[in-house]
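Asker: Dumping the structure here so I can ask a few things about it.
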Amino acid sequence: MESSLAMNTLIFLGVAIIMVPLVRKFGLSSVIGYLGGGIIIGPYVLKLTGKDVNDIMHASEFGVIMLLFLVGLELEPRKFWEMRKKIIGLGLTQMLLTTSLLFLVFIWADWKIDKAFAIAMCFALSSTAIVLQTLQEKNNLKTLAGEASFSTLLFQDIAVIPILAILPIIANYKARHNDNEIQVLIQTLPEWMQFATVILGVVILILLGRYVFVPFLRYVSKSGMTELLTASSLFLVIGVSELMVAIGLSPALGAFLAGVMLANSEFRHELEAQIDPFKGLLLAVFFVSVGSTMNFEIIQKDPVFIFSTVFAVLSIKFIVLFSIGKFFKIDNPQSLFYAFALSQVGEFAFVLINYASSLYLISPELNAQMMAVTAITMCITPFLLIINDKIITPKFIKEIPEQDNDFNILDNTVSQKKIIIVGFGHFGSTVGRLLKANKITATVLDRDSDRVKLLRSYGFKVYYGDATRIPILRAAGIEDAEILILCLDDPDDNKFIAELVREHYPNVKIFVRAKNRIDAYSYLNNGIENIYRETLGTAVDMAVDVLHETGMRKYAARRLGQRFMAIDKASVRKLAKIKEEGDDLNLFTTKEILQREEELLAYDNLSFDTLNWEDSSSNEDDED
């Protein structure tokens, strides 16, 4: 069994490697390549997958869990709370309308009431894996359609819990008397206690995120071993998923909430970089396994019934979703994308339909047919999106969207250029403090977990991570960044990162700290012009030039730099402590150095605000 499973996995990965580059050459979604490859190697075409397809699908469903964990990392708790009305409004409306209309259609087709209601609830769900993968590929997560899709999918993941509780009631059959693998703790409780269990699970996750996860990652990060952080990342995701399964919650929902709890932590980018390769790999295997489960023998027996059901499901879900989009004042192109993207049946239907079959709500034959319907709708969705992008949407777009058009990114509260600072020691902190004092935000990467913790307490957007690795830079947003500031103590690391970024992201403007003239020669020969040899003056000069690059007038930026140097000198005199002769600064402990940094940051907050208030009346006169 083990060797067969390993061979199947090898075949799945091989067909993905071949098919995805092929379909991408034609401008198609990678999902089409995965699904098509699965059909080709499946038991009904080339028969290369043996009998363990379902085992591989169950294992690869973990890719969906990792995907939701990463999505949670991108969504801070504050934003999650702000979205609650959209999650409930969009999600609840979609579930109720879709279930009701599908139920009426199935009743009209002369199905029994319990069977019709069970299948309608299962088919109301959409595929989190396909939709989020498509949104990421098209960079649509922050559009109105992307946000609506995400809100709806999140509600659907939550809805899996009551559906699991409702199915036994419909069947008049207690789940605790059934020995199938879906039996969980929540189903053994009275109905009135099940909702309390859901709340309890969420509270447990919040407490774990705040008091266990972050301290645990800080402890591991001090070892300085990347592989331990990788192991810790997987440990957290797997552990949270198993905890959710044990108490009866959706593992995907649990992983998402865990990601939200860690979204404000300094390890956000590090976790993204560590988990992303595993997520992509398992999602690829999952899509291939979906294609390989396409049962052509069942389809051949009654193709009219299968494809009429597929048409009914896709049509009803499309109409419901498009209507919801229009009701919530989303424009036509965005509503169309929202409707086409979520019109398929989701991966949770595989689990729920099998569960309904084990409760004798549906027959084994109907079970196989509904599985085929689910797989077909998932395979059709990428093609529907292509038709929408190439044919339908262009008819609605008569001109280039304006700045306030719905197609623009929603998160446009910050109009400044995207800035990343690597290293926040003595040199980097001077640059970062001056930028922060002038309301210029920047993403900071640093490898000292103690310093990261301190800076976050002072409002800096700082994360723990090794910037010499492309995945960390990518997670920090290097693809969208316009300015990269390199301030590491190690000149070799600065050179390595500069060469790496120039090779992969040539449009990013680099500002780099140089140790000496030899370093400066090297940077100049490599085409980097913004070089700053390390003194207080050059650090301030660097920050002034960055301020000018963001749009501030040069004279105003220089004046602010001079003001900052005056504050810095005053703060050093004010905060300096009398040391006995013979004391060596190199003997300061890390704790003492951090303490002095904390005192400087506190003094900045007081002094700069005071000076800004005192000089505000003369700012206009001083600008040229």
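In the structure tokens, the first chain shown is A, the next is B, and so on; residue numbers restart at 1 for each chain, and ligands run from 1 in the order shown.
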Got a sec: who's within 10 Å of stretch 271-283 of chain A, counting only C-alpha atoms, leaving out chain neighbours fewer than 5 positions off, as a PyMOL selection string?

Answerer: chain A and resi 13+16+31+34+56-57+59-71+73-74+129-130+133+217+226-227+229-234+237+259+262-263+266+288-289+464-465+469-476

Asker: Might you pull out every residue within 12 Å of stretch 78-85 of chain A, with only C-alpha atoms counted and same-chain residues fewer than 6 positions away left off, and present them as a PDB file with N, CA and C atoms, in the first residue's frame?

Answerer:
```
ATOM      1  N   VAL A  71      -4.083  32.732   3.693  1.00  0.00           N
ATOM      2  CA  VAL A  71      -5.043  33.823   3.496  1.00  0.00           C
ATOM      3  C   VAL A  71      -5.308  34.522   4.828  1.00  0.00           C
ATOM      4  N   GLY A  72      -5.417  33.742   5.906  1.00  0.00           N
ATOM      5  CA  GLY A  72      -5.608  34.328   7.231  1.00  0.00           C
ATOM      6  C   GLY A  72      -4.445  35.212   7.642  1.00  0.00           C
ATOM      7  N   GLY A  91     -22.540  35.745   2.535  1.00  0.00           N
ATOM      8  CA  GLY A  91     -22.505  34.296   2.718  1.00  0.00           C
ATOM      9  C   GLY A  91     -23.854  33.707   3.071  1.00  0.00           C
ATOM     10  N   LEU A  92     -24.535  34.307   4.050  1.00  0.00           N
ATOM     11  CA  LEU A  92     -25.833  33.774   4.478  1.00  0.00           C
ATOM     12  C   LEU A  92     -26.866  33.882   3.361  1.00  0.00           C
ATOM     13  N   THR A  93     -26.872  35.016   2.656  1.00  0.00           N
ATOM     14  CA  THR A  93     -27.818  35.189   1.554  1.00  0.00           C
ATOM     15  C   THR A  93     -27.583  34.142   0.469  1.00  0.00           C
ATOM     16  N   GLU A 147     -13.032  40.330  -2.746  1.00  0.00           N
ATOM     17  CA  GLU A 147     -13.448  40.414  -1.347  1.00  0.00           C
ATOM     18  C   GLU A 147     -14.804  39.743  -1.133  1.00  0.00           C
ATOM     19  N   ALA A 148     -15.724  39.913  -2.095  1.00  0.00           N
ATOM     20  CA  ALA A 148     -17.028  39.262  -1.996  1.00  0.00           C
ATOM     21  C   ALA A 148     -16.883  37.745  -2.062  1.00  0.00           C
ATOM     22  N   PHE A 150     -14.219  35.959  -1.255  1.00  0.00           N
ATOM     23  CA  PHE A 150     -13.581  35.482  -0.038  1.00  0.00           C
ATOM     24  C   PHE A 150     -14.573  35.452   1.124  1.00  0.00           C
ATOM     25  N   SER A 151     -15.402  36.499   1.256  1.00  0.00           N
ATOM     26  CA  SER A 151     -16.385  36.551   2.343  1.00  0.00           C
ATOM     27  C   SER A 151     -17.385  35.400   2.222  1.00  0.00           C
ATOM     28  N   THR A 152     -17.835  35.141   1.014  1.00  0.00           N
ATOM     29  CA  THR A 152     -18.798  34.059   0.790  1.00  0.00           C
ATOM     30  C   THR A 152     -18.183  32.700   1.101  1.00  0.00           C
ATOM     31  N   LEU A 154     -15.714  32.050   3.093  1.00  0.00           N
ATOM     32  CA  LEU A 154     -15.480  31.916   4.524  1.00  0.00           C
ATOM     33  C   LEU A 154     -16.767  31.514   5.244  1.00  0.00           C
ATOM     34  N   PHE A 155     -17.884  32.123   4.869  1.00  0.00           N
ATOM     35  CA  PHE A 155     -19.158  31.735   5.477  1.00  0.00           C
ATOM     36  C   PHE A 155     -19.495  30.285   5.137  1.00  0.00           C
ATOM     37  N   PHE A 256      -7.636  28.964   9.023  1.00  0.00           N
ATOM     38  CA  PHE A 256      -7.830  30.374   8.674  1.00  0.00           C
ATOM     39  C   PHE A 256      -7.793  31.258   9.911  1.00  0.00           C
ATOM     40  N   LEU A 257      -8.519  30.864  10.957  1.00  0.00           N
ATOM     41  CA  LEU A 257      -8.543  31.664  12.177  1.00  0.00           C
ATOM     42  C   LEU A 257      -7.163  31.732  12.823  1.00  0.00           C
ATOM     43  N   GLY A 259      -4.363  31.668  11.212  1.00  0.00           N
ATOM     44  CA  GLY A 259      -3.627  32.640  10.410  1.00  0.00           C
ATOM     45  C   GLY A 259      -3.975  34.066  10.778  1.00  0.00           C
ATOM     46  N   VAL A 260      -5.264  34.335  11.011  1.00  0.00           N
ATOM     47  CA  VAL A 260      -5.698  35.680  11.413  1.00  0.00           C
ATOM     48  C   VAL A 260      -5.061  36.069  12.740  1.00  0.00           C
ATOM     49  N   MET A 261      -4.985  35.112  13.675  1.00  0.00           N
ATOM     50  CA  MET A 261      -4.398  35.399  14.986  1.00  0.00           C
ATOM     51  C   MET A 261      -2.910  35.751  14.877  1.00  0.00           C
ATOM     52  N   ALA A 263      -1.566  37.187  12.098  1.00  0.00           N
ATOM     53  CA  ALA A 263      -1.369  38.197  11.058  1.00  0.00           C
ATOM     54  C   ALA A 263      -0.676  39.444  11.585  1.00  0.00           C
ATOM     55  N   ASN A 264      -0.837  39.738  12.870  1.00  0.00           N
ATOM     56  CA  ASN A 264      -0.203  40.918  13.458  1.00  0.00           C
ATOM     57  C   ASN A 264       1.149  40.609  14.086  1.00  0.00           C
ATOM     58  N   PHE A 328     -25.784  44.085  -3.694  1.00  0.00           N
ATOM     59  CA  PHE A 328     -24.779  44.736  -2.852  1.00  0.00           C
ATOM     60  C   PHE A 328     -23.991  45.798  -3.625  1.00  0.00           C
ATOM     61  N   ASP A 411      -7.551  48.281  -1.149  1.00  0.00           N
ATOM     62  CA  ASP A 411      -6.677  48.727  -0.064  1.00  0.00           C
ATOM     63  C   ASP A 411      -5.785  49.861  -0.561  1.00  0.00           C
TER      64      ASP A 411
END
```

Asker: Taking only C-alpha atoms into account, which of A:Ile169, A:Ser292, A:Lys509, A:Gly537 comes nearest A:Ile11?

Answerer: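 Among the listed residues, the smallest separation from A:Ile11 belongs to A:Ser292.
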